[in-house]
Every structure is written in C-alpha cells, then in structure tokens.
$ cat target.cif   # mmCIF, C-alpha atoms
data_structure
#
loop_
_atom_site.group_PDB
_atom_site.id
_atom_site.type_symbol
_atom_site.label_atom_id
_atom_site.label_comp_id
_atom_site.auth_asym_id
_atom_site.auth_seq_id
_atom_site.Cartn_x
_atom_site.Cartn_y
_atom_site.Cartn_z
ATOM 1 C CA MET A 1 128.503 159.193 86.259
ATOM 2 C CA GLU A 2 131.625 158.208 84.419
ATOM 3 C CA SER A 3 131.832 158.406 80.650
ATOM 4 C CA LEU A 4 131.400 155.358 78.430
ATOM 5 C CA SER A 5 134.193 156.614 76.175
ATOM 6 C CA ASP A 6 136.350 153.696 77.341
ATOM 7 C CA VAL A 7 133.928 150.776 77.423
ATOM 8 C CA ALA A 8 136.609 148.196 78.261
ATOM 9 C CA ALA A 9 137.791 150.106 81.355
ATOM 10 C CA PHE A 10 134.201 150.813 82.426
ATOM 11 C CA SER A 11 133.324 147.107 82.065
ATOM 12 C CA THR A 12 136.362 145.975 84.038
ATOM 13 C CA LYS A 13 135.622 148.373 86.892
ATOM 14 C CA LEU A 14 132.008 147.177 87.044
ATOM 15 C CA LYS A 15 133.071 143.516 87.033
ATOM 16 C CA ASN A 16 135.611 144.095 89.802
ATOM 17 C CA THR A 17 133.000 145.870 91.936
ATOM 18 C CA LEU A 18 130.686 142.856 91.683
ATOM 19 C CA ILE A 19 133.515 140.459 92.516
ATOM 20 C CA GLN A 20 134.215 142.592 95.588
ATOM 21 C CA TYR A 21 130.553 142.228 96.672
ATOM 22 C CA HIS A 22 130.807 138.489 96.076
ATOM 23 C CA SER A 23 133.665 138.284 98.579
ATOM 24 C CA ILE A 24 131.890 140.092 101.450
ATOM 25 C CA GLU A 25 131.975 137.934 104.576
ATOM 26 C CA ASP A 26 128.776 136.101 105.557
ATOM 27 C CA ASP A 27 128.565 137.795 108.960
ATOM 28 C CA GLN A 28 128.061 141.196 107.309
ATOM 29 C CA TRP A 29 124.702 140.131 105.828
ATOM 30 C CA ARG A 30 121.336 140.052 107.579
ATOM 31 C CA VAL A 31 118.562 137.731 106.357
ATOM 32 C CA ALA A 32 115.664 139.701 104.814
ATOM 33 C CA LYS A 33 113.623 136.785 103.423
ATOM 34 C CA LYS A 34 114.040 133.018 103.443
ATOM 35 C CA THR A 35 112.064 130.263 101.714
ATOM 36 C CA LYS A 36 112.829 126.600 101.098
ATOM 37 C CA ASP A 37 114.649 127.375 97.827
ATOM 38 C CA LEU A 38 115.773 130.994 98.171
ATOM 39 C CA THR A 39 117.473 133.313 100.649
ATOM 40 C CA VAL A 40 117.614 137.112 100.459
ATOM 41 C CA TRP A 41 120.102 139.034 102.609
ATOM 42 C CA ARG A 42 120.789 142.748 102.922
ATOM 43 C CA LYS A 43 123.390 145.142 104.280
ATOM 44 C CA PRO A 44 123.697 148.947 104.153
ATOM 45 C CA SER A 45 124.913 150.071 100.754
ATOM 46 C CA GLU A 46 128.140 152.012 100.505
ATOM 47 C CA GLU A 47 126.824 153.714 97.355
ATOM 48 C CA PHE A 48 123.618 155.383 98.602
ATOM 49 C CA ASN A 49 121.278 155.668 101.576
ATOM 50 C CA GLY A 50 119.665 152.262 101.043
ATOM 51 C CA TYR A 51 120.545 148.580 101.023
ATOM 52 C CA LEU A 52 122.669 146.216 98.989
ATOM 53 C CA TYR A 53 120.685 142.993 98.624
ATOM 54 C CA LYS A 54 122.158 139.557 98.071
ATOM 55 C CA THR A 55 120.062 136.618 96.968
ATOM 56 C CA GLN A 56 120.911 133.011 96.178
ATOM 57 C CA GLY A 57 119.119 129.894 94.998
ATOM 58 C CA VAL A 58 119.545 126.778 92.854
ATOM 59 C CA ILE A 59 118.205 126.821 89.286
ATOM 60 C CA ASP A 60 117.396 123.599 87.394
ATOM 61 C CA ALA A 61 119.184 124.682 84.221
ATOM 62 C CA ILE A 62 122.715 125.004 82.880
ATOM 63 C CA VAL A 63 124.617 128.275 83.251
ATOM 64 C CA ASN A 64 124.317 129.499 79.644
ATOM 65 C CA ASP A 65 120.547 129.000 79.473
ATOM 66 C CA THR A 66 120.064 130.716 82.827
ATOM 67 C CA VAL A 67 122.154 133.775 81.948
ATOM 68 C CA ASP A 68 120.617 134.049 78.470
ATOM 69 C CA HIS A 69 117.242 134.501 80.160
ATOM 70 C CA ILE A 70 118.558 137.204 82.525
ATOM 71 C CA ARG A 71 120.712 139.435 80.355
ATOM 72 C CA PRO A 72 119.248 141.858 77.790
ATOM 73 C CA GLY A 73 117.746 139.801 75.006
ATOM 74 C CA PRO A 74 114.593 138.269 73.565
ATOM 75 C CA TRP A 75 113.637 136.137 76.586
ATOM 76 C CA ARG A 76 113.638 138.579 79.493
ATOM 77 C CA LEU A 77 110.320 140.249 78.719
ATOM 78 C CA ASP A 78 108.634 136.867 78.251
ATOM 79 C CA TRP A 79 108.999 135.812 81.875
ATOM 80 C CA ASP A 80 109.927 138.756 84.141
ATOM 81 C CA ARG A 81 106.584 139.988 85.525
ATOM 82 C CA LEU A 82 108.080 143.247 86.813
ATOM 83 C CA MET A 83 109.555 144.354 83.484
ATOM 84 C CA THR A 84 107.117 145.995 81.042
ATOM 85 C CA SER A 85 109.489 147.021 78.236
ATOM 86 C CA LEU A 86 113.137 146.561 77.249
ATOM 87 C CA ASP A 87 115.007 148.313 74.437
ATOM 88 C CA VAL A 88 118.689 148.076 73.559
ATOM 89 C CA LEU A 89 119.787 151.643 72.826
ATOM 90 C CA GLU A 90 123.415 150.969 71.909
ATOM 91 C CA ARG A 91 125.527 147.841 71.430
ATOM 92 C CA PHE A 92 129.246 147.443 72.044
ATOM 93 C CA GLU A 93 131.653 144.562 71.613
ATOM 94 C CA GLU A 94 132.397 142.094 74.383
ATOM 95 C CA ASN A 95 128.777 141.340 75.279
ATOM 96 C CA SER A 96 127.943 144.848 76.440
ATOM 97 C CA CYS A 97 125.189 147.308 75.645
ATOM 98 C CA VAL A 98 123.106 150.210 76.931
ATOM 99 C CA MET A 99 119.504 149.242 77.589
ATOM 100 C CA ARG A 100 116.396 151.102 78.677
ATOM 101 C CA TYR A 101 113.688 149.226 80.516
ATOM 102 C CA THR A 102 110.542 150.014 82.449
ATOM 103 C CA THR A 103 108.966 148.311 85.441
ATOM 104 C CA ALA A 104 105.377 147.961 86.591
ATOM 105 C CA GLY A 105 103.939 149.691 89.641
ATOM 106 C CA GLN A 106 104.269 147.768 92.919
ATOM 107 C CA LEU A 107 102.437 147.532 96.253
ATOM 108 C CA LEU A 108 99.112 148.772 94.840
ATOM 109 C CA ASN A 109 101.066 151.476 93.006
ATOM 110 C CA ILE A 110 102.600 152.941 96.170
ATOM 111 C CA ILE A 111 105.675 152.500 93.984
ATOM 112 C CA SER A 112 104.693 153.842 90.564
ATOM 113 C CA PRO A 113 106.180 152.579 87.269
ATOM 114 C CA ARG A 114 109.901 153.219 86.937
ATOM 115 C CA GLU A 115 112.316 153.640 84.035
ATOM 116 C CA PHE A 116 116.019 152.702 84.082
ATOM 117 C CA VAL A 117 118.847 153.205 81.590
ATOM 118 C CA ASP A 118 121.664 150.766 82.337
ATOM 119 C CA PHE A 119 124.989 149.708 80.920
ATOM 120 C CA SER A 120 125.005 145.885 80.828
ATOM 121 C CA TYR A 121 128.013 143.563 80.569
ATOM 122 C CA THR A 122 128.318 139.779 80.537
ATOM 123 C CA VAL A 123 131.648 138.045 81.112
ATOM 124 C CA GLY A 124 133.059 134.684 82.128
ATOM 125 C CA PHE A 125 133.557 134.101 85.851
ATOM 126 C CA LYS A 126 135.405 130.997 87.046
ATOM 127 C CA GLU A 127 133.503 128.086 85.487
ATOM 128 C CA GLY A 128 130.367 130.162 84.952
ATOM 129 C CA LEU A 129 129.211 133.637 83.948
ATOM 130 C CA LEU A 130 128.642 137.065 85.479
ATOM 131 C CA THR A 131 126.074 139.417 83.969
ATOM 132 C CA CYS A 132 126.160 142.848 85.570
ATOM 133 C CA GLY A 133 124.951 146.390 85.114
ATOM 134 C CA VAL A 134 124.881 149.957 86.400
ATOM 135 C CA SER A 135 122.714 152.950 85.536
ATOM 136 C CA ILE A 136 124.173 155.701 83.385
ATOM 137 C CA ASP A 137 123.096 159.258 82.648
ATOM 138 C CA TRP A 138 120.783 159.419 79.643
ATOM 139 C CA THR A 139 119.303 162.774 78.699
ATOM 140 C CA GLU A 140 116.066 161.549 77.124
ATOM 141 C CA LYS A 141 113.378 161.030 79.786
ATOM 142 C CA ARG A 142 109.738 160.042 79.558
ATOM 143 C CA SER A 143 107.327 162.018 81.723
ATOM 144 C CA GLU A 144 105.117 159.030 82.562
ATOM 145 C CA PHE A 145 107.945 157.308 84.463
ATOM 146 C CA VAL A 146 110.094 158.137 87.457
ATOM 147 C CA ARG A 147 113.755 157.536 86.499
ATOM 148 C CA GLY A 148 115.254 155.066 88.963
ATOM 149 C CA TYR A 149 118.941 154.338 89.403
ATOM 150 C CA ASN A 150 120.742 151.023 89.719
ATOM 151 C CA TYR A 151 124.064 151.166 91.510
ATOM 152 C CA PRO A 152 126.421 148.293 90.526
ATOM 153 C CA CYS A 153 124.410 145.091 90.456
ATOM 154 C CA GLY A 154 124.726 141.681 88.865
ATOM 155 C CA TRP A 155 124.181 137.943 88.776
ATOM 156 C CA PHE A 156 126.816 135.251 89.242
ATOM 157 C CA CYS A 157 125.833 131.899 87.772
ATOM 158 C CA VAL A 158 128.029 128.827 88.213
ATOM 159 C CA PRO A 159 127.396 125.068 87.853
ATOM 160 C CA LEU A 160 126.226 123.306 90.997
ATOM 161 C CA LYS A 161 128.988 121.062 92.291
ATOM 162 C CA ASP A 162 128.357 117.387 91.391
ATOM 163 C CA SER A 163 125.249 118.400 89.385
ATOM 164 C CA PRO A 164 126.323 120.333 86.262
ATOM 165 C CA SER A 165 122.759 120.382 84.871
ATOM 166 C CA GLN A 166 121.875 122.743 87.737
ATOM 167 C CA SER A 167 123.264 126.190 88.559
ATOM 168 C CA ILE A 168 123.747 128.337 91.631
ATOM 169 C CA LEU A 169 122.483 131.835 90.908
ATOM 170 C CA THR A 170 123.676 134.606 93.238
ATOM 171 C CA GLY A 171 122.488 138.171 92.742
ATOM 172 C CA TYR A 172 123.545 141.548 94.125
ATOM 173 C CA ILE A 173 121.029 144.356 93.726
ATOM 174 C CA GLN A 174 121.065 147.967 94.978
ATOM 175 C CA THR A 175 118.370 150.079 93.417
ATOM 176 C CA ASP A 176 117.485 153.656 94.248
ATOM 177 C CA LEU A 177 113.814 153.867 93.224
ATOM 178 C CA ARG A 178 113.801 157.622 93.843
ATOM 179 C CA GLY A 179 110.630 159.585 94.463
ATOM 180 C CA MET A 180 108.875 159.928 97.811
ATOM 181 C CA ILE A 181 108.646 156.307 98.959
ATOM 182 C CA PRO A 182 108.801 155.095 102.591
ATOM 183 C CA GLN A 183 111.910 152.960 103.173
ATOM 184 C CA SER A 184 109.700 150.205 104.614
ATOM 185 C CA ALA A 185 107.814 150.006 101.306
ATOM 186 C CA VAL A 186 111.094 149.778 99.379
ATOM 187 C CA ASP A 187 112.333 146.961 101.635
ATOM 188 C CA THR A 188 109.082 145.010 101.243
ATOM 189 C CA ALA A 189 109.106 145.488 97.479
ATOM 190 C CA MET A 190 112.749 144.456 97.046
ATOM 191 C CA ALA A 191 112.427 141.203 99.009
ATOM 192 C CA SER A 192 109.252 140.140 97.194
ATOM 193 C CA THR A 193 110.606 141.254 93.802
ATOM 194 C CA LEU A 194 113.692 139.073 94.197
ATOM 195 C CA ALA A 195 111.593 136.082 95.287
ATOM 196 C CA ASN A 196 109.311 136.543 92.266
ATOM 197 C CA PHE A 197 112.357 136.878 90.001
ATOM 198 C CA TYR A 198 113.579 133.395 90.935
ATOM 199 C CA SER A 199 110.099 131.883 90.773
ATOM 200 C CA ASP A 200 109.370 133.324 87.333
ATOM 201 C CA LEU A 201 112.833 132.421 86.013
ATOM 202 C CA ARG A 202 112.459 128.812 87.176
ATOM 203 C CA LYS A 203 109.071 128.515 85.478
ATOM 204 C CA ALA A 204 110.417 129.955 82.242
ATOM 205 C CA LEU A 205 113.381 127.572 82.164
ATOM 206 C CA GLN A 206 111.131 124.563 82.854
ATOM 207 C CA LYS A 207 109.243 125.356 79.643
ATOM 208 C CA GLU A 208 112.390 125.217 77.533
#
$ encode --input "target.cif" --output "structure tokens"
Amino acid sequence: MESLSDVAAFSTKLKNTLIQYHSIEDDQWRVAKKTKDLTVWRKPSEEFNGYLYKTQGVIDAIVNDTVDHIRPGPWRLDWDRLMTSLDVLERFEENSCVMRYTTAGQLLNIISPREFVDFSYTVGFKEGLLTCGVSIDWTEKRSEFVRGYNYPCGWFCVPLKDSPSQSILTGYIQTDLRGMIPQSAVDTAMASTLANFYSDLRKALQKE
C-alpha cells in the first residue's frame, strides 16, 4: 500500500479512480439485485479476484445531509446496522481521515465480524459530493476480528434533476472480506448489504 506521506496526492489518486469507475459503460455491468427503488450491478474487479459492485437509488434528502450520514462522523453508527464500531484514528485537512471500523457477522456468521482501517476523503463533485475510501496498512490488529480490505470505493451524491430536495446516490464497492468464505456467500452478502444500506439510510434521513 502506498504511503500517506503525501495526503493530497493520495486523495487525488483515489478521487480519480472513483471517477474512472463512474464512467464505465453501462454494458459492462451485470444486474445482481433489483428492487423498485434500488439497483445493484457487478463486474469483475481489476484490483482483486472478486467483484466491483455498483449501486444506485434516489434518496429523499439533500446532498449534504445524505453525505453527512455516510462519511465518518457521529451519525453513521446510529443507522448502519452492519457497522458495530467506528473510530477516527487520525485527521487530516481537506475532509480526510483514517478510520477504523468493525462490522457484524453475516449469513448466520458464515461471515464472521470484520475489521477495516480505511483512509476516507470527501470532496466536491460537479454539483454534489463524492465521499470515498480505501484500506491502508495499519500494524495494530485485534485478534477477535478478521482484517478485511476495501479496494477503492465511494459514493457519488448529486441533486436529482428537477427535484433538488432529492438526491441520486451511486456507490462503488469492492471489498475483500478475506478468510475462507465461499464466493457465493460473499456475493449474497454484498447484494443484501447494499440493499440494507439504502433502506437504513432512507429511514435515518426521514427521522431528521
């Protein structure tokens, strides 16, 4: 993993990677899950032997409120059912930080609790915002968790055309859960996790 000695360069590279994902042609994606208010697609990742997932849905909230609930901060733990802890380990300028978070077991604990240490960065994108992240090497590990790894991932949030009180939220996720897990279990978990993410986020924003 690259060094964080130059945070600005690291942030720019991460942002540009997400913008590249955002420009991938529609015909390269295959639908993994579809509901009336959410679609999840996937394609083979170029980073590891797994999938890059794309998901998109409309959120009944403005961009800033939506992104404030997603990025590292006081709200995320309140609504995200998968996340069990979140600690900011180091803060930088320009809306960036290193965070450590843990996730609950999934699929009757076929997937045991995981721990991630990610660099997170939030930046303006067109008329909205992009909040993105990538795992970094962190020497301290806790024995009760398997250390997972997030390859470049992020959320684009822009106002819905002709309805600025709503937002279009588009996510790109590619997570290596590590450990001995059947790929079919990972695929099932990822699709349902992303669906739950939108559902829980919508409920949280309705309470505001």
$ closest_residue --input "target.cif" --among "A:Thr188, A:Asn95, A:Thr102, A:Thr55" --to "Ile173 of chain A" --atoms "only C-alpha atoms"
A:Thr55
$ atom_distance --input "target.cif" --atom1 "atom CA of Thr175 of chain A" --atom2 "atom CA of Thr84 of chain A"
17.2 Å
$ closest_atom_pairs --input "target.cif" --of "segment 5-66 of chain A" --to "segment 192-202 of chain A" --cutoff "12 Å" --atoms "all atoms listed in the file" --output "CSV"
residue,atom,partner,partner_atom,distance
A:Ala32,CA,A:Ser192,CA,10.0
A:Lys33,CA,A:Ser192,CA,8.3
A:Lys34,CA,A:Ala195,CA,9.0
A:Thr35,CA,A:Ala195,CA,8.7
A:Lys36,CA,A:Ala195,CA,11.2
A:Asp37,CA,A:Tyr198,CA,9.2
A:Leu38,CA,A:Ala195,CA,7.2
A:Thr39,CA,A:Ala195,CA,8.4
A:Val40,CA,A:Leu194,CA,7.6
A:Trp41,CA,A:Leu194,CA,10.6
A:Arg42,CA,A:Leu194,CA,11.8
A:Tyr53,CA,A:Leu194,CA,9.2
A:Lys54,CA,A:Leu194,CA,9.3
A:Thr55,CA,A:Leu194,CA,7.4
A:Gln56,CA,A:Tyr198,CA,9.0
A:Gly57,CA,A:Tyr198,CA,7.7
A:Val58,CA,A:Tyr198,CA,9.1
A:Ile59,CA,A:Arg202,CA,6.4
A:Asp60,CA,A:Arg202,CA,7.2
A:Ala61,CA,A:Arg202,CA,8.4
A:Ile62,CA,A:Arg202,CA,11.8
A:Asp65,CA,A:Leu201,CA,10.7
A:Thr66,CA,A:Leu201,CA,8.1
$ atom_distance --input "target.cif" --atom1 "atom CA of Arg30 of chain A" --atom2 "atom CA of Ser45 of chain A"
12.6 Å
$ atom_distance --input "target.cif" --atom1 "atom CA of Thr122 of chain A" --atom2 "atom CA of Ala9 of chain A"
14.0 Å
$ resolve_selection --input "target.cif" --expression "the PyMOL selection byres ((chain A and resi 10-20) around 8)" --output "PDB file with C-alpha atoms, in the coordinates of the input"
ATOM      1  CA  LEU A   4     131.400 155.358  78.430  1.00  0.00           C
ATOM      2  CA  ASP A   6     136.350 153.696  77.341  1.00  0.00           C
ATOM      3  CA  VAL A   7     133.928 150.776  77.423  1.00  0.00           C
ATOM      4  CA  ALA A   8     136.609 148.196  78.261  1.00  0.00           C
ATOM      5  CA  ALA A   9     137.791 150.106  81.355  1.00  0.00           C
ATOM      6  CA  TYR A  21     130.553 142.228  96.672  1.00  0.00           C
ATOM      7  CA  HIS A  22     130.807 138.489  96.076  1.00  0.00           C
ATOM      8  CA  SER A  23     133.665 138.284  98.579  1.00  0.00           C
ATOM      9  CA  ILE A  24     131.890 140.092 101.450  1.00  0.00           C
ATOM     10  CA  TYR A 121     128.013 143.563  80.569  1.00  0.00           C
ATOM     11  CA  LEU A 130     128.642 137.065  85.479  1.00  0.00           C
ATOM     12  CA  CYS A 132     126.160 142.848  85.570  1.00  0.00           C
ATOM     13  CA  GLY A 133     124.951 146.390  85.114  1.00  0.00           C
ATOM     14  CA  VAL A 134     124.881 149.957  86.400  1.00  0.00           C
ATOM     15  CA  PRO A 152     126.421 148.293  90.526  1.00  0.00           C
ATOM     16  CA  CYS A 153     124.410 145.091  90.456  1.00  0.00           C
ATOM     17  CA  GLY A 154     124.726 141.681  88.865  1.00  0.00           C
ATOM     18  CA  TYR A 172     123.545 141.548  94.125  1.00  0.00           C
TER      19      TYR A 172
END
$ resolve_selection --input "target.cif" --expression "the PyMOL selection byres ((chain A and resi 168) around 7)" --output "list in words"
Gly57, Val58, Ile59, Cys157, Val158, Pro159, Leu160, Ser167, Leu169 and Thr170 of chain A
$ closest_residue --input "target.cif" --among "A:Val63, A:Asp118, A:Ser112, A:Pro182" --to "Arg91 of chain A" --atoms "only C-alpha atoms"
A:Asp118
$ closest_residue --input "target.cif" --among "A:Gly105, A:Leu77, A:Cys97, A:Met83" --to "Ala189 of chain A" --atoms "all atoms listed in the file"
A:Gly105
$ resolve_selection --input "target.cif" --expression "the PyMOL selection byres ((chain A and resi 148) around 7)" --output "list in words"
Arg114, Glu115, Phe116, Val146, Arg147, Tyr149, Asn150, Asp176, Leu177 and Arg178 of chain A
$ closest_residue --input "target.cif" --among "A:Pro74, A:Gly128, A:Pro164, A:Pro113" --to "Phe145 of chain A" --atoms "all atoms listed in the file"
A:Pro113
$ axis_aligned_box --input "target.cif" --around "segment 87-97 of chain A" --padding-each-side "3 Å" --output "lines of an AutoDock Vina configuration file"
center_x = 123.7
center_y = 146.5
center_z = 73.9
size_x = 23.4
size_y = 16.3
size_z = 11.0
$ closest_residue --input "target.cif" --among "A:Met190, A:Ile136, A:Val67, A:Ile111" --to "Val98 of chain A" --atoms "all atoms listed in the file"
A:Ile136
$ closest_residue --input "target.cif" --among "A:Ser120, A:Asn64, A:Ser184, A:Ser165" --to "Arg100 of chain A" --atoms "all atoms listed in the file"
A:Ser120
$ build_atoms --input "target.cif" --residues "segment 112-141 of chain A" --atoms "N, CA and C atoms" --output "PDB file, in the frame of the given file"
ATOM      1  N   SER A 112     105.211 153.686  91.928  1.00  0.00           N
ATOM      2  CA  SER A 112     104.693 153.842  90.564  1.00  0.00           C
ATOM      3  C   SER A 112     105.679 153.268  89.545  1.00  0.00           C
ATOM      4  N   PRO A 113     105.265 153.119  88.291  1.00  0.00           N
ATOM      5  CA  PRO A 113     106.180 152.579  87.269  1.00  0.00           C
ATOM      6  C   PRO A 113     107.487 153.366  87.192  1.00  0.00           C
ATOM      7  N   ARG A 114     108.565 152.631  86.999  1.00  0.00           N
ATOM      8  CA  ARG A 114     109.901 153.219  86.937  1.00  0.00           C
ATOM      9  C   ARG A 114     110.550 152.949  85.574  1.00  0.00           C
ATOM     10  N   GLU A 115     111.504 153.811  85.234  1.00  0.00           N
ATOM     11  CA  GLU A 115     112.316 153.640  84.035  1.00  0.00           C
ATOM     12  C   GLU A 115     113.787 153.644  84.444  1.00  0.00           C
ATOM     13  N   PHE A 116     114.581 152.779  83.816  1.00  0.00           N
ATOM     14  CA  PHE A 116     116.019 152.702  84.082  1.00  0.00           C
ATOM     15  C   PHE A 116     116.768 152.688  82.751  1.00  0.00           C
ATOM     16  N   VAL A 117     117.931 153.315  82.725  1.00  0.00           N
ATOM     17  CA  VAL A 117     118.847 153.205  81.590  1.00  0.00           C
ATOM     18  C   VAL A 117     120.167 152.693  82.144  1.00  0.00           C
ATOM     19  N   ASP A 118     120.516 151.466  81.757  1.00  0.00           N
ATOM     20  CA  ASP A 118     121.664 150.766  82.337  1.00  0.00           C
ATOM     21  C   ASP A 118     122.676 150.357  81.282  1.00  0.00           C
ATOM     22  N   PHE A 119     123.936 150.387  81.670  1.00  0.00           N
ATOM     23  CA  PHE A 119     124.989 149.708  80.920  1.00  0.00           C
ATOM     24  C   PHE A 119     125.022 148.261  81.402  1.00  0.00           C
ATOM     25  N   SER A 120     125.027 147.307  80.484  1.00  0.00           N
ATOM     26  CA  SER A 120     125.005 145.885  80.828  1.00  0.00           C
ATOM     27  C   SER A 120     126.206 145.183  80.221  1.00  0.00           C
ATOM     28  N   TYR A 121     126.781 144.249  80.990  1.00  0.00           N
ATOM     29  CA  TYR A 121     128.013 143.563  80.569  1.00  0.00           C
ATOM     30  C   TYR A 121     127.965 142.129  81.058  1.00  0.00           C
ATOM     31  N   THR A 122     128.278 141.194  80.177  1.00  0.00           N
ATOM     32  CA  THR A 122     128.318 139.779  80.537  1.00  0.00           C
ATOM     33  C   THR A 122     129.704 139.232  80.245  1.00  0.00           C
ATOM     34  N   VAL A 123     130.263 138.505  81.218  1.00  0.00           N
ATOM     35  CA  VAL A 123     131.648 138.045  81.112  1.00  0.00           C
ATOM     36  C   VAL A 123     131.790 136.711  81.840  1.00  0.00           C
ATOM     37  N   GLY A 124     132.788 135.933  81.435  1.00  0.00           N
ATOM     38  CA  GLY A 124     133.059 134.684  82.128  1.00  0.00           C
ATOM     39  C   GLY A 124     133.535 134.922  83.548  1.00  0.00           C
ATOM     40  N   PHE A 125     133.105 134.035  84.459  1.00  0.00           N
ATOM     41  CA  PHE A 125     133.557 134.101  85.851  1.00  0.00           C
ATOM     42  C   PHE A 125     133.767 132.675  86.346  1.00  0.00           C
ATOM     43  N   LYS A 126     135.044 132.355  86.651  1.00  0.00           N
ATOM     44  CA  LYS A 126     135.405 130.997  87.046  1.00  0.00           C
ATOM     45  C   LYS A 126     134.840 130.028  86.016  1.00  0.00           C
ATOM     46  N   GLU A 127     134.038 129.034  86.458  1.00  0.00           N
ATOM     47  CA  GLU A 127     133.503 128.086  85.487  1.00  0.00           C
ATOM     48  C   GLU A 127     132.114 128.480  85.006  1.00  0.00           C
ATOM     49  N   GLY A 128     131.701 129.713  85.322  1.00  0.00           N
ATOM     50  CA  GLY A 128     130.367 130.162  84.952  1.00  0.00           C
ATOM     51  C   GLY A 128     130.399 131.528  84.290  1.00  0.00           C
ATOM     52  N   LEU A 129     129.352 132.323  84.566  1.00  0.00           N
ATOM     53  CA  LEU A 129     129.211 133.637  83.948  1.00  0.00           C
ATOM     54  C   LEU A 129     128.774 134.668  84.984  1.00  0.00           C
ATOM     55  N   LEU A 130     129.119 135.921  84.719  1.00  0.00           N
ATOM     56  CA  LEU A 130     128.642 137.065  85.479  1.00  0.00           C
ATOM     57  C   LEU A 130     127.972 138.008  84.495  1.00  0.00           C
ATOM     58  N   THR A 131     126.720 138.367  84.749  1.00  0.00           N
ATOM     59  CA  THR A 131     126.074 139.417  83.969  1.00  0.00           C
ATOM     60  C   THR A 131     125.744 140.559  84.919  1.00  0.00           C
ATOM     61  N   CYS A 132     126.230 141.757  84.604  1.00  0.00           N
ATOM     62  CA  CYS A 132     126.160 142.848  85.570  1.00  0.00           C
ATOM     63  C   CYS A 132     125.762 144.146  84.877  1.00  0.00           C
ATOM     64  N   GLY A 133     125.383 145.133  85.686  1.00  0.00           N
ATOM     65  CA  GLY A 133     124.951 146.390  85.114  1.00  0.00           C
ATOM     66  C   GLY A 133     125.033 147.535  86.108  1.00  0.00           C
ATOM     67  N   VAL A 134     124.906 148.747  85.582  1.00  0.00           N
ATOM     68  CA  VAL A 134     124.881 149.957  86.400  1.00  0.00           C
ATOM     69  C   VAL A 134     124.180 151.036  85.585  1.00  0.00           C
ATOM     70  N   SER A 135     123.403 151.877  86.251  1.00  0.00           N
ATOM     71  CA  SER A 135     122.714 152.950  85.536  1.00  0.00           C
ATOM     72  C   SER A 135     123.701 154.005  85.060  1.00  0.00           C
ATOM     73  N   ILE A 136     123.359 154.620  83.941  1.00  0.00           N
ATOM     74  CA  ILE A 136     124.173 155.701  83.385  1.00  0.00           C
ATOM     75  C   ILE A 136     123.260 156.904  83.126  1.00  0.00           C
ATOM     76  N   ASP A 137     123.859 158.062  82.983  1.00  0.00           N
ATOM     77  CA  ASP A 137     123.096 159.258  82.648  1.00  0.00           C
ATOM     78  C   ASP A 137     122.618 159.168  81.200  1.00  0.00           C
ATOM     79  N   TRP A 138     121.369 159.438  80.992  1.00  0.00           N
ATOM     80  CA  TRP A 138     120.783 159.419  79.643  1.00  0.00           C
ATOM     81  C   TRP A 138     119.801 160.584  79.589  1.00  0.00           C
ATOM     82  N   THR A 139     120.040 161.510  78.667  1.00  0.00           N
ATOM     83  CA  THR A 139     119.303 162.774  78.699  1.00  0.00           C
ATOM     84  C   THR A 139     117.817 162.603  78.406  1.00  0.00           C
ATOM     85  N   GLU A 140     117.472 161.715  77.486  1.00  0.00           N
ATOM     86  CA  GLU A 140     116.066 161.549  77.124  1.00  0.00           C
ATOM     87  C   GLU A 140     115.286 160.904  78.276  1.00  0.00           C
ATOM     88  N   LYS A 141     114.227 161.567  78.714  1.00  0.00           N
ATOM     89  CA  LYS A 141     113.378 161.030  79.786  1.00  0.00           C
ATOM     90  C   LYS A 141     111.928 161.047  79.346  1.00  0.00           C
TER      91      LYS A 141
END
